[in-house]
Amino acid sequence: MNRRIFFGALVATMAFAPAVFAQDKTIVVGTSIDSKPFDFVQDGKYVGFDQDLLVEIAKEAGFKYNVTPMDFGALIPALQTANIDLAISSIFATDARRKVVDFSDTYYTSALGVLIAANDATIKSGEDLAGKKVASVTGAASTTWLKEHVPTAQVTLFPQVTNMFMELQASRADAVVYDYPFLAYFAQTEGKGKVKVLEAPVGDGIPVAIAFPKGSDLVAKTNDALKKIKADGRYDAIYQKWFGKLPG
């Protein structure tokens, strides 16, 4: 009898263990920290639009997390192998990516842009990239756009955003094609006076979302948190902090 009671208690404990572990688990967040103004390191801390948003999401969803920095191109594979629990780094929620990972609701709408030298008068639109040396980031949506729309461009891919900026400034590339907000931010900060971004984005607006392994229960919790953050004004405050004005 005592043996049965003990065995029953053991089974009950095992049944409840996963739920307790899931609740107390520290979430592993993958981020490309070379992505101003969304994700970067300043004074030894992870900062940026994404990081401020993540702080509020974690509060609402009730989880603790640690940030694991990695190259942008490694984020989706890390989710597929469950080495990280979520990835936030201005990730475009494309149809191709939706086949291998789950996404939260859209929290930002972005587009692709073209960055060139400040004194360049030859590149005025995406079409002018034909035959040019173009730098971009491995695994980014910009690589797909270049293949489809400017197949004659001589594209060189880099693991980090900083690398492609250096390539342009060293005149080893004629242009950089990447997410418009990153390029605009760089043109107004470190690259001011040296580079410029074409005013008109290339391609259509693209939804940006947080990525998760397929079937993750964090998706619903994150979406609920996003709704609350947008409803009470926290999202607008974070947006204005990093971009200066609210989207039209």
# chains A, B, ... in the order shown; residues from 1 in each chain; ligands from 1
>>> residues_around(residues="Gln154 in chain A", least_positions_apart="4", cutoff="8 Å", atoms="only C-alpha atoms", output="MDAnalysis selection string")
chainID A and resid 131:134
>>> write_last_selection(atoms="N, CA, C and O atoms", output="PDB file, in the first residue's frame")
ATOM      1  N   GLY A 131      24.782  45.668 -62.646  1.00  0.00           N
ATOM      2  CA  GLY A 131      26.212  45.641 -62.934  1.00  0.00           C
ATOM      3  C   GLY A 131      27.086  46.241 -61.857  1.00  0.00           C
ATOM      4  O   GLY A 131      28.320  46.209 -61.965  1.00  0.00           O
ATOM      5  N   LYS A 132      26.487  46.802 -60.805  1.00  0.00           N
ATOM      6  CA  LYS A 132      27.254  47.451 -59.730  1.00  0.00           C
ATOM      7  C   LYS A 132      27.690  46.430 -58.672  1.00  0.00           C
ATOM      8  O   LYS A 132      27.109  45.346 -58.542  1.00  0.00           O
ATOM      9  N   LYS A 133      28.704  46.825 -57.892  1.00  0.00           N
ATOM     10  CA  LYS A 133      29.135  46.013 -56.763  1.00  0.00           C
ATOM     11  C   LYS A 133      28.274  46.380 -55.562  1.00  0.00           C
ATOM     12  O   LYS A 133      28.278  47.536 -55.120  1.00  0.00           O
ATOM     13  N   VAL A 134      27.540  45.414 -55.051  1.00  0.00           N
ATOM     14  CA  VAL A 134      26.569  45.666 -53.982  1.00  0.00           C
ATOM     15  C   VAL A 134      26.868  44.793 -52.765  1.00  0.00           C
ATOM     16  O   VAL A 134      27.134  43.596 -52.897  1.00  0.00           O
TER      17      VAL A 134
END
>>> residues_around(residues="range 169-182 of chain A", least_positions_apart="3", cutoff="6 Å", atoms="only C-alpha atoms", output="list of chain:residue names")
A:Lys36, A:Ala111, A:Leu112, A:Gly113, A:Val114, A:Leu115, A:Ile116, A:Lys133, A:Val134, A:Ala135, A:Ser136, A:Ser142, A:Met166, A:Tyr185
>>> write_last_selection(atoms="N, CA, C and O atoms", output="tab-separated table (two decimals), in the first residue's frame")
chain	number	residue	atom	x	y	z
A	36	LYS	N	21.81	48.72	-35.53
A	36	LYS	CA	21.28	50.00	-35.06
A	36	LYS	C	20.20	50.50	-36.01
A	36	LYS	O	20.33	50.38	-37.22
A	111	ALA	N	10.98	48.30	-44.99
A	111	ALA	CA	11.19	48.21	-46.42
A	111	ALA	C	12.69	48.14	-46.66
A	111	ALA	O	13.48	48.36	-45.75
A	112	LEU	N	13.07	47.84	-47.88
A	112	LEU	CA	14.48	47.80	-48.23
A	112	LEU	C	14.93	49.16	-48.75
A	112	LEU	O	14.14	49.90	-49.34
A	113	GLY	N	16.19	49.49	-48.53
A	113	GLY	CA	16.73	50.76	-48.99
A	113	GLY	C	18.08	50.58	-49.66
A	113	GLY	O	18.67	49.50	-49.62
A	114	VAL	N	18.56	51.64	-50.28
A	114	VAL	CA	19.85	51.64	-50.97
A	114	VAL	C	20.72	52.74	-50.39
A	114	VAL	O	20.32	53.91	-50.35
A	115	LEU	N	21.91	52.39	-49.94
A	115	LEU	CA	22.87	53.33	-49.38
A	115	LEU	C	24.04	53.48	-50.35
A	115	LEU	O	24.58	52.47	-50.84
A	116	ILE	N	24.43	54.71	-50.63
A	116	ILE	CA	25.53	54.97	-51.55
A	116	ILE	C	26.44	56.05	-50.98
A	116	ILE	O	26.11	56.69	-49.98
A	133	LYS	N	28.70	46.83	-57.89
A	133	LYS	CA	29.14	46.01	-56.76
A	133	LYS	C	28.27	46.38	-55.56
A	133	LYS	O	28.28	47.54	-55.12
A	134	VAL	N	27.54	45.41	-55.05
A	134	VAL	CA	26.57	45.67	-53.98
A	134	VAL	C	26.87	44.79	-52.77
A	134	VAL	O	27.13	43.60	-52.90
A	135	ALA	N	26.82	45.39	-51.59
A	135	ALA	CA	27.04	44.66	-50.34
A	135	ALA	C	25.72	44.50	-49.60
A	135	ALA	O	24.86	45.38	-49.62
A	136	SER	N	25.57	43.34	-48.96
A	136	SER	CA	24.38	43.10	-48.14
A	136	SER	C	24.73	42.06	-47.07
A	136	SER	O	25.89	41.70	-46.91
A	142	SER	N	17.02	41.29	-48.32
A	142	SER	CA	17.62	42.07	-49.40
A	142	SER	C	18.32	41.18	-50.43
A	142	SER	O	18.38	41.52	-51.61
A	166	MET	N	31.54	49.18	-44.01
A	166	MET	CA	32.98	49.37	-44.22
A	166	MET	C	33.34	49.16	-45.68
A	166	MET	O	34.19	49.85	-46.24
A	185	TYR	N	19.42	55.32	-40.37
A	185	TYR	CA	20.03	55.63	-39.08
A	185	TYR	C	21.54	55.82	-39.23
A	185	TYR	O	22.13	56.77	-38.70
>>> closest_residue(among="A:Tyr108, A:Tyr65, A:Phe40, A:Tyr46", to="Tyr235 in chain A", atoms="only C-alpha atoms")
A:Tyr108
>>> select_by_dssp(residues="range 164-232 of chain A", states="alpha helix (DSSP H)", output="list of chain:residue names")
A:Met164, A:Phe165, A:Met166, A:Glu167, A:Leu168, A:Gln169, A:Tyr180, A:Pro181, A:Phe182, A:Leu183, A:Ala184, A:Tyr185, A:Phe186, A:Ala187, A:Gln188, A:Leu218, A:Val219, A:Ala220, A:Lys221, A:Thr222, A:Asn223, A:Asp224, A:Ala225, A:Leu226, A:Lys227, A:Lys228, A:Ile229, A:Lys230, A:Ala231
>>> residues_around(residues="range 237-240 of chain A", least_positions_apart="3", cutoff="12 Å", atoms="only C-alpha atoms", output="PyMOL selection string")
chain A and resi 37-38+47-56+107-108+229-234+243-247
>>> write_last_selection(atoms="N, CA, C and O atoms", output="CSV table (one decimal), in the first residue's frame")
chain,number,residue,atom,x,y,z
A,37,PRO,N,19.1,51.1,-35.5
A,37,PRO,CA,18.8,51.4,-34.1
A,37,PRO,C,17.9,50.3,-33.4
A,37,PRO,O,17.4,50.6,-32.4
A,38,PHE,N,17.9,49.1,-34.0
A,38,PHE,CA,17.0,48.1,-33.4
A,38,PHE,C,17.7,47.3,-32.3
A,38,PHE,O,17.1,47.1,-31.2
A,47,VAL,N,20.8,47.5,-26.2
A,47,VAL,CA,19.8,48.6,-26.3
A,47,VAL,C,19.2,48.6,-27.7
A,47,VAL,O,19.7,47.9,-28.6
A,48,GLY,N,18.2,49.5,-27.9
A,48,GLY,CA,17.6,49.6,-29.2
A,48,GLY,C,16.1,49.5,-29.2
A,48,GLY,O,15.6,49.1,-28.1
A,49,PHE,N,15.5,49.7,-30.3
A,49,PHE,CA,14.0,49.6,-30.4
A,49,PHE,C,13.5,48.3,-30.0
A,49,PHE,O,12.6,48.1,-29.2
A,50,ASP,N,14.1,47.2,-30.6
A,50,ASP,CA,13.7,45.9,-30.3
A,50,ASP,C,13.9,45.5,-28.8
A,50,ASP,O,13.1,44.9,-28.2
A,51,GLN,N,15.1,45.9,-28.3
A,51,GLN,CA,15.4,45.6,-26.9
A,51,GLN,C,14.5,46.3,-25.9
A,51,GLN,O,14.1,45.7,-24.9
A,52,ASP,N,14.1,47.5,-26.2
A,52,ASP,CA,13.1,48.2,-25.3
A,52,ASP,C,11.7,47.5,-25.4
A,52,ASP,O,11.1,47.4,-24.3
A,53,LEU,N,11.4,47.1,-26.6
A,53,LEU,CA,10.1,46.4,-26.7
A,53,LEU,C,10.1,45.1,-26.0
A,53,LEU,O,9.1,44.7,-25.4
A,54,LEU,N,11.2,44.4,-26.1
A,54,LEU,CA,11.4,43.0,-25.5
A,54,LEU,C,11.2,43.1,-24.0
A,54,LEU,O,10.6,42.3,-23.3
A,55,VAL,N,11.8,44.2,-23.4
A,55,VAL,CA,11.6,44.4,-21.9
A,55,VAL,C,10.2,44.5,-21.5
A,55,VAL,O,9.8,43.8,-20.6
A,56,GLU,N,9.4,45.2,-22.3
A,56,GLU,CA,7.9,45.3,-22.0
A,56,GLU,C,7.2,44.0,-22.3
A,56,GLU,O,6.3,43.7,-21.5
A,107,TYR,N,5.0,43.9,-35.6
A,107,TYR,CA,5.2,45.0,-34.6
A,107,TYR,C,5.9,46.2,-35.3
A,107,TYR,O,6.0,47.3,-34.7
A,108,TYR,N,6.2,46.0,-36.6
A,108,TYR,CA,6.8,47.1,-37.3
A,108,TYR,C,6.7,46.8,-38.8
A,108,TYR,O,6.8,45.6,-39.2
A,229,ILE,N,0.7,46.4,-24.9
A,229,ILE,CA,1.8,47.5,-25.0
A,229,ILE,C,1.3,48.5,-26.0
A,229,ILE,O,1.6,49.7,-25.8
A,230,LYS,N,0.7,48.1,-27.1
A,230,LYS,CA,0.2,49.1,-28.1
A,230,LYS,C,-1.0,49.9,-27.5
A,230,LYS,O,-1.1,51.1,-27.8
A,231,ALA,N,-1.8,49.2,-26.8
A,231,ALA,CA,-3.1,49.8,-26.3
A,231,ALA,C,-2.8,50.9,-25.2
A,231,ALA,O,-3.5,51.9,-25.2
A,232,ASP,N,-1.8,50.7,-24.4
A,232,ASP,CA,-1.6,51.6,-23.3
A,232,ASP,C,-0.5,52.7,-23.6
A,232,ASP,O,-0.2,53.5,-22.7
A,233,GLY,N,0.0,52.8,-24.8
A,233,GLY,CA,0.9,53.8,-25.2
A,233,GLY,C,2.4,53.5,-25.1
A,233,GLY,O,3.2,54.4,-25.5
A,234,ARG,N,2.7,52.4,-24.5
A,234,ARG,CA,4.1,52.1,-24.3
A,234,ARG,C,4.8,51.9,-25.7
A,234,ARG,O,6.0,52.3,-25.9
A,243,PHE,N,12.8,56.6,-33.3
A,243,PHE,CA,12.6,57.1,-34.7
A,243,PHE,C,12.1,58.5,-34.8
A,243,PHE,O,12.0,59.1,-35.8
A,244,GLY,N,11.9,59.2,-33.6
A,244,GLY,CA,11.6,60.6,-33.6
A,244,GLY,C,10.1,60.9,-33.8
A,244,GLY,O,9.6,61.9,-33.2
A,245,LYS,N,9.4,60.2,-34.6
A,245,LYS,CA,8.0,60.5,-34.9
A,245,LYS,C,7.3,59.2,-35.1
A,245,LYS,O,7.9,58.2,-35.5
A,246,LEU,N,6.0,59.2,-34.9
A,246,LEU,CA,5.1,58.0,-35.1
A,246,LEU,C,4.9,57.8,-36.5
A,246,LEU,O,4.9,58.7,-37.3
A,247,PRO,N,4.7,56.5,-36.9
A,247,PRO,CA,4.4,56.2,-38.3
A,247,PRO,C,3.1,56.8,-38.8
A,247,PRO,O,2.2,56.9,-38.0
>>> residues_around(residues="range 71-79 of chain A", least_positions_apart="5", cutoff="7 Å", atoms="only C-alpha atoms", output="PyMOL selection string")
chain A and resi 30+32+84-87+138-139+159-160+212-213
>>> atom_distance(atom1="CA of Pro151 in chain A", atom2="CA of Arg98 in chain A")
24.7 Å
>>> select_by_dssp(residues="range 74-188 of chain A", states="strand (DSSP E)", output="JSON, numbers by chain")
{"A": [86, 87, 88, 89, 90, 91, 92, 102, 103, 108, 109, 110, 111, 112, 113, 114, 115, 116, 117, 133, 134, 135, 136, 137, 154, 155, 156, 157, 158, 175, 176, 177, 178, 179]}
>>> write_last_selection(atoms="C-alpha atoms", output="mmCIF file, in the first residue's frame")
data_model
loop_
_atom_site.group_PDB
_atom_site.id
_atom_site.type_symbol
_atom_site.label_atom_id
_atom_site.label_comp_id
_atom_site.auth_asym_id
_atom_site.auth_seq_id
_atom_site.Cartn_x
_atom_site.Cartn_y
_atom_site.Cartn_z
ATOM 1 C CA LEU A 86 12.888 33.390 -29.748
ATOM 2 C CA ALA A 87 14.680 35.755 -32.084
ATOM 3 C CA ILE A 88 14.177 39.499 -32.270
ATOM 4 C CA SER A 89 16.290 41.567 -34.648
ATOM 5 C CA SER A 90 14.043 43.409 -37.112
ATOM 6 C CA ILE A 91 13.295 40.070 -38.783
ATOM 7 C CA PHE A 92 11.182 40.266 -41.937
ATOM 8 C CA ASP A 102 6.488 30.774 -36.318
ATOM 9 C CA PHE A 103 6.065 34.545 -36.064
ATOM 10 C CA TYR A 108 6.840 47.127 -37.317
ATOM 11 C CA THR A 109 6.542 47.589 -41.079
ATOM 12 C CA SER A 110 9.826 48.081 -42.876
ATOM 13 C CA ALA A 111 11.188 48.207 -46.423
ATOM 14 C CA LEU A 112 14.484 47.798 -48.230
ATOM 15 C CA GLY A 113 16.735 50.762 -48.989
ATOM 16 C CA VAL A 114 19.850 51.636 -50.969
ATOM 17 C CA LEU A 115 22.869 53.331 -49.383
ATOM 18 C CA ILE A 116 25.525 54.969 -51.553
ATOM 19 C CA ALA A 117 28.489 57.331 -51.213
ATOM 20 C CA LYS A 133 29.135 46.013 -56.763
ATOM 21 C CA VAL A 134 26.569 45.666 -53.982
ATOM 22 C CA ALA A 135 27.035 44.664 -50.341
ATOM 23 C CA SER A 136 24.376 43.101 -48.142
ATOM 24 C CA VAL A 137 23.921 40.695 -45.211
ATOM 25 C CA GLN A 154 27.782 41.799 -58.246
ATOM 26 C CA VAL A 155 26.603 40.957 -54.739
ATOM 27 C CA THR A 156 28.919 40.321 -51.792
ATOM 28 C CA LEU A 157 27.332 39.060 -48.576
ATOM 29 C CA PHE A 158 28.633 39.726 -45.081
ATOM 30 C CA ALA A 175 26.087 50.459 -52.801
ATOM 31 C CA VAL A 176 24.562 48.691 -49.826
ATOM 32 C CA VAL A 177 21.076 47.177 -49.993
ATOM 33 C CA TYR A 178 19.469 46.353 -46.655
ATOM 34 C CA ASP A 179 16.605 47.311 -44.341
#
>>> atom_distance(atom1="CA of Asn66 in chain A", atom2="CA of Gln42 in chain A")
16.5 Å
>>> residues_around(residues="Ala184 in chain A", least_positions_apart="4", cutoff="8 Å", atoms="only C-alpha atoms", output="PDB file with C-alpha atoms, in the first residue's frame")
ATOM      1  CA  TYR A 180      15.771  50.985 -44.870  1.00  0.00           C
ATOM      2  CA  GLN A 188      22.412  60.270 -39.967  1.00  0.00           C
ATOM      3  CA  LYS A 196      23.415  58.924 -48.220  1.00  0.00           C
ATOM      4  CA  VAL A 197      20.346  56.726 -48.517  1.00  0.00           C
TER       5      VAL A 197
END
>>> residues_around(residues="range 215-223 of chain A", least_positions_apart="4", cutoff="8 Å", atoms="only C-alpha atoms", output="list of chain:residue names")
A:Ile57, A:Ala61, A:Asp102, A:Phe103, A:Ser104, A:Asp105, A:Lys227
>>> atom_distance(atom1="CA of Met164 in chain A", atom2="CA of Ile33 in chain A")
14.8 Å
